[in-house]
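J.: Pasting a structure here, questions to come.
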Amino acid sequence: KQEVTQIPAALSVPEGENLVLNCSFTDSAIYNLQWFRQDPGKGLTSLLLIQSSQREQTSGRLNASLDKSSGRSTLYIAASQPGDSATYLCALLSNSGGSNYKLTFGKGTLLTVNP
Amino acid sequence: NAGVMQNPRHLVRRRGQEARLRCSPMKGHSHVYWYRQLPEEGLKFMVYLQKENIIDESGMPKERFSAEFPKEGPSILRIQQVVRGDSAAYFCASSPPIGTTRFYEQYFGPGTRLTVT
């Protein structure tokens, strides 16, 4: 059974700092991995999707990496801004057991960027 | 192209009442997924539906919960005789048809926040 862990659970940084959010998973048989952003009381916004054959994806100040062999992904945020404050969720689409449509989520990292 | 729509956004029910949550997938999407986010928990898969078919309901509680995706109209998640433990955010996602390159990418709606008093 796939399990996804996100560390740290909460992170507070001053504006302008570069930061890394971590995601680890137990089963390397994944189809893809996504990073989402969730604002309080709102839905999920997809930030980056990495296919299992890829090592990283970049979008603006965001860079996500994937290392299947070690069961890890990181989300790097450069030059953080107060508007980046949100909960960041890591989710995997497993590629085993014929259920390659169920996303398995971590509990998220609550990021606060202080002005 | 409108995104995934869910209504209502907030729903308050008393214990024992029924809750009906609606989800309209993105245009052209034929697959719908429901996830539940309990307080302090991650999102958990509940059910996967195609038009008129339940493909996988392994994440649904065995009693009181049901889901449908009729030929016409939105997908409905129905919770009968709600209890306080059903209070959560319920998210719907949709994806394009199988065989398209983006089938494995799910697009989420804003969620319905259910409060049971």
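Each chain in the structure tokens gets a letter, A, B, ..., in the order shown, and its residues are numbered from 1; ligands are numbered from 1 in order too.
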For chain B, work out the contacting residues on chain A at 7 Å, counting only C-alpha atoms, and write them as a ChimeraX atom specification.

T.: /A:42-44,101-107

J.: Within 7 Å of Phe65 of chain B, counting only C-alpha atoms, which residues show up once you throw out same-chain ones fewer than 5 positions away? Write them as a short mmCIF file (atom, residue, chain, number, x, y, z; two decimals) with N, CA and C atoms, in the first residue's frame, please.

T.:
```
data_model
loop_
_atom_site.label_atom_id
_atom_site.label_comp_id
_atom_site.auth_asym_id
_atom_site.auth_seq_id
_atom_site.Cartn_x
_atom_site.Cartn_y
_atom_site.Cartn_z
N MET B 60 -15.10 4.08 -0.51
CA MET B 60 -16.37 4.56 0.04
C MET B 60 -16.69 3.80 1.32
N ARG B 78 -23.94 11.04 -2.49
CA ARG B 78 -25.07 11.09 -1.57
C ARG B 78 -24.68 10.45 -0.25
N ILE B 79 -24.95 11.17 0.82
CA ILE B 79 -24.67 10.65 2.16
C ILE B 79 -26.00 10.64 2.92
N GLN B 80 -26.43 9.47 3.27
CA GLN B 80 -27.68 9.34 4.02
C GLN B 80 -27.41 9.35 5.52
#
```

J.: Would you please give, as a ChimeraX atom specification, all residues of segment 14-102 of chain A that DSSP assigns to strand (DSSP E or B) based on the backbone?

T.: /A:14,19-25,30-38,44-51,56-59,62-67,72-77,86-94
